[in-house]
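Note: the block below is work-v2.cif and it holds mmCIF, C-alpha atoms.
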```
data_protein
loop_
_atom_site.label_atom_id
_atom_site.label_comp_id
_atom_site.auth_asym_id
_atom_site.auth_seq_id
_atom_site.Cartn_x
_atom_site.Cartn_y
_atom_site.Cartn_z
CA MET Q 3 40.12 -32.18 77.95
CA SER Q 4 41.46 -35.55 79.02
CA GLY Q 5 39.80 -38.72 80.16
CA VAL Q 6 40.19 -41.38 82.78
CA VAL Q 7 39.59 -45.08 82.29
CA THR Q 8 40.32 -48.02 84.54
CA ARG Q 9 41.75 -51.46 83.99
CA GLY Q 10 41.12 -53.62 86.98
CA ARG Q 11 41.60 -51.21 89.83
CA ARG Q 12 44.26 -49.13 88.09
CA ARG Q 13 43.31 -45.61 87.04
CA ILE Q 14 44.63 -44.62 83.59
CA ASP Q 15 44.74 -40.98 82.49
CA LEU Q 16 44.45 -40.50 78.73
CA THR Q 17 44.86 -37.53 76.44
CA PRO Q 18 41.89 -36.59 74.23
CA LYS Q 19 43.45 -38.35 71.20
CA GLN Q 20 44.17 -41.49 73.21
CA LEU Q 21 40.62 -41.48 74.57
CA ALA Q 22 39.16 -41.04 71.06
CA LEU Q 23 41.38 -43.84 69.76
CA LEU Q 24 40.40 -46.20 72.59
CA ASP Q 25 36.72 -45.35 72.04
CA LEU Q 26 37.05 -46.18 68.33
CA LEU Q 27 38.79 -49.48 69.10
CA MET Q 28 36.11 -50.40 71.63
CA ARG Q 29 33.24 -49.62 69.25
CA SER Q 30 34.72 -51.42 66.26
CA SER Q 31 33.95 -55.07 65.93
CA GLY Q 32 37.10 -56.98 65.17
CA ARG Q 33 39.40 -54.44 63.61
CA VAL Q 34 40.14 -50.83 62.71
CA SER Q 35 42.21 -49.80 59.71
CA ARG Q 36 44.82 -47.05 59.83
CA ASP Q 37 42.73 -45.04 57.34
CA THR Q 38 39.64 -45.31 59.54
CA ILE Q 39 41.64 -44.19 62.56
CA LEU Q 40 43.02 -41.21 60.65
CA GLU Q 41 39.56 -40.23 59.43
CA ARG Q 42 37.67 -40.65 62.70
CA VAL Q 43 40.27 -39.55 65.25
CA TRP Q 44 42.14 -36.86 63.33
CA GLY Q 45 39.55 -35.81 60.73
CA ASN Q 46 40.94 -33.73 57.89
CA ASP Q 47 44.13 -32.61 59.61
CA ALA Q 48 46.45 -31.78 56.70
CA GLU Q 49 49.42 -31.33 59.02
CA LEU Q 50 49.27 -34.91 60.26
CA HIS Q 51 52.56 -36.82 60.28
CA SER Q 52 52.51 -40.20 58.56
CA ASN Q 53 53.44 -42.06 61.74
CA ALA Q 54 50.88 -40.38 64.03
CA VAL Q 55 48.68 -43.49 64.27
CA THR Q 56 51.65 -45.72 65.09
CA VAL Q 57 52.88 -43.28 67.74
CA GLN Q 58 49.46 -42.89 69.39
CA ILE Q 59 48.82 -46.65 69.37
CA SER Q 60 52.21 -47.09 71.04
CA TYR Q 61 51.35 -44.49 73.70
CA LEU Q 62 47.93 -46.06 74.25
CA ARG Q 63 49.46 -49.53 74.60
CA SER Q 64 51.96 -48.22 77.14
CA ARG Q 65 49.08 -46.91 79.25
CA ILE Q 66 46.49 -49.67 78.80
CA ASP Q 67 48.72 -52.76 78.63
CA ALA Q 68 51.59 -51.68 80.91
CA GLY Q 69 52.13 -54.33 83.56
CA CYS Q 70 48.89 -56.12 82.69
CA GLU Q 71 48.08 -59.48 81.18
CA PRO Q 72 46.57 -60.28 78.84
CA LYS Q 73 47.58 -57.56 76.40
CA LEU Q 74 44.52 -55.97 74.80
CA ILE Q 75 45.73 -53.85 71.88
CA HIS Q 76 47.09 -55.83 68.93
CA THR Q 77 48.36 -55.07 65.44
CA ARG Q 78 46.89 -57.01 62.55
CA PRO Q 79 49.50 -56.69 59.77
CA GLY Q 80 47.98 -55.38 56.56
CA ILE Q 81 44.67 -54.68 58.30
CA GLY Q 82 45.13 -52.32 61.24
CA TYR Q 83 44.53 -52.65 64.96
CA VAL Q 84 42.21 -54.55 67.24
CA LEU Q 85 41.22 -54.40 70.89
CA GLU Q 86 40.62 -57.95 72.09
CA VAL Q 87 41.52 -60.53 74.68
CA ARG Q 88 43.43 -63.29 72.93
CA ASP Q 89 43.61 -66.86 74.09
CA PRO Q 90 47.19 -67.30 75.27
CA GLY Q 91 47.19 -70.91 74.09
CA PRO Q 92 48.47 -73.89 76.06
CA ARG Q 93 50.91 -73.15 78.83
CA SER Q 94 54.27 -74.86 78.50
CA ASP Q 95 54.69 -75.21 82.28
CA VAL Q 96 51.55 -77.36 82.70
CA ALA Q 97 51.99 -81.12 82.63
#
```
Hey, can you dump this file as structure tokens for me?
Amino acid sequence: MSGVVTRGRRRIDLTPKQLALLDLLMRSSGRVSRDTILERVWGNDAELHSNAVTVQISYLRSRIDAGCEPKLIHTRPGIGYVLEVRDPGPRSDVA
């Protein structure tokens, strides 16, 4: 089973893992740790590769953030991942 989400008017097809990961990011307030992602998205999968979370986050970013601004999926070093709109700060081209 796969899922479809939209960003703006763009349709985005997601795999079941990507959909579960996006759902977890959306439901978490502020941040999600790698351990939480492993537990809730993969469960007790003993065959899981150590970089599975990094790979799936990368795939999800490529689908959700591709060609769009602002970027929504961010890494918080030492904490995990977050889905949020960040203030881009002051623009350098504005006088």
Set the distance at 7 Å and use only C-alpha atoms: which residues neighbour segment 9-22 of chain Q once local chain neighbours fewer than 2 positions away are removed? I'd like the list as an mmCIF file with C-alpha atoms, keeping the file's coordinate frame.
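Just written: result_0.cif:
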```cif
data_model
loop_
_atom_site.group_PDB
_atom_site.id
_atom_site.type_symbol
_atom_site.label_atom_id
_atom_site.label_comp_id
_atom_site.auth_asym_id
_atom_site.auth_seq_id
_atom_site.Cartn_x
_atom_site.Cartn_y
_atom_site.Cartn_z
ATOM 1 C CA MET Q 3 40.120 -32.180 77.950
ATOM 2 C CA SER Q 4 41.460 -35.550 79.020
ATOM 3 C CA GLY Q 5 39.800 -38.720 80.160
ATOM 4 C CA VAL Q 6 40.190 -41.380 82.780
ATOM 5 C CA VAL Q 7 39.590 -45.080 82.290
ATOM 6 C CA LEU Q 24 40.400 -46.200 72.590
ATOM 7 C CA ASP Q 25 36.720 -45.350 72.040
ATOM 8 C CA LEU Q 26 37.050 -46.180 68.330
ATOM 9 C CA VAL Q 43 40.270 -39.550 65.250
ATOM 10 C CA GLN Q 58 49.460 -42.890 69.390
ATOM 11 C CA LEU Q 62 47.930 -46.060 74.250
ATOM 12 C CA ARG Q 65 49.080 -46.910 79.250
#
```
Hey, can you check how far atom CA of Asp89 of chain Q sits from atom CA of Leu27 of chain Q?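 Interatomic distance here is 18.7 Å.
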Interatomic distance (Å, one decimal) between atom CA of Gly80 of chain Q and atom CA of Arg33 of chain Q: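 A separation of 11.1 Å between them.
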Taking only C-alpha atoms into account, which of Q:Val84, Q:Asn53, Q:Trp44, Q:His76 comes nearest Arg29 of chain Q?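 That would be Q:Val84, the residue with the smallest distance to Arg29 of chain Q.
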May I have the residues within 9 Å of Glu86 of chain Q as JSON, numbers by chain, using all atoms listed in the file and disregarding those fewer than 3 positions away in the same chain? {"Q": [28, 32, 73, 74, 75, 76]}
Now that the selection is made, can you save its residues with C-alpha atoms as a PDB file, in the coordinates of the input?
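Listed below is the output, result.pdb:
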```
ATOM      1  CA  MET Q  28      36.110 -50.400  71.630  1.00  0.00           C
ATOM      2  CA  GLY Q  32      37.100 -56.980  65.170  1.00  0.00           C
ATOM      3  CA  LYS Q  73      47.580 -57.560  76.400  1.00  0.00           C
ATOM      4  CA  LEU Q  74      44.520 -55.970  74.800  1.00  0.00           C
ATOM      5  CA  ILE Q  75      45.730 -53.850  71.880  1.00  0.00           C
ATOM      6  CA  HIS Q  76      47.090 -55.830  68.930  1.00  0.00           C
TER       7      HIS Q  76
END
```
Which one is closest to Gly82 of chain Q: Q:Gly69, Q:Tyr61, Q:Val34, Q:Leu40? Count all atoms listed in the file.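 The closest residue to Gly82 of chain Q is Q:Val34.
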Local residues around (49.1, -47.0, 63.7), at most 9 Å away, using all atoms listed in the file, as a compact mmCIF listing (two decimals) with C-alpha atoms, in the frame of the given file:
```txt
# COMPACT_ATOMS: atom_id res chain seq x y z
CA SER Q 35 42.21 -49.80 59.71
CA ARG Q 36 44.82 -47.05 59.83
CA ILE Q 39 41.64 -44.19 62.56
CA LEU Q 40 43.02 -41.21 60.65
CA ASN Q 53 53.44 -42.06 61.74
CA ALA Q 54 50.88 -40.38 64.03
CA VAL Q 55 48.68 -43.49 64.27
CA THR Q 56 51.65 -45.72 65.09
CA VAL Q 57 52.88 -43.28 67.74
CA GLN Q 58 49.46 -42.89 69.39
CA ILE Q 59 48.82 -46.65 69.37
CA SER Q 60 52.21 -47.09 71.04
CA THR Q 77 48.36 -55.07 65.44
CA GLY Q 82 45.13 -52.32 61.24
CA TYR Q 83 44.53 -52.65 64.96
```
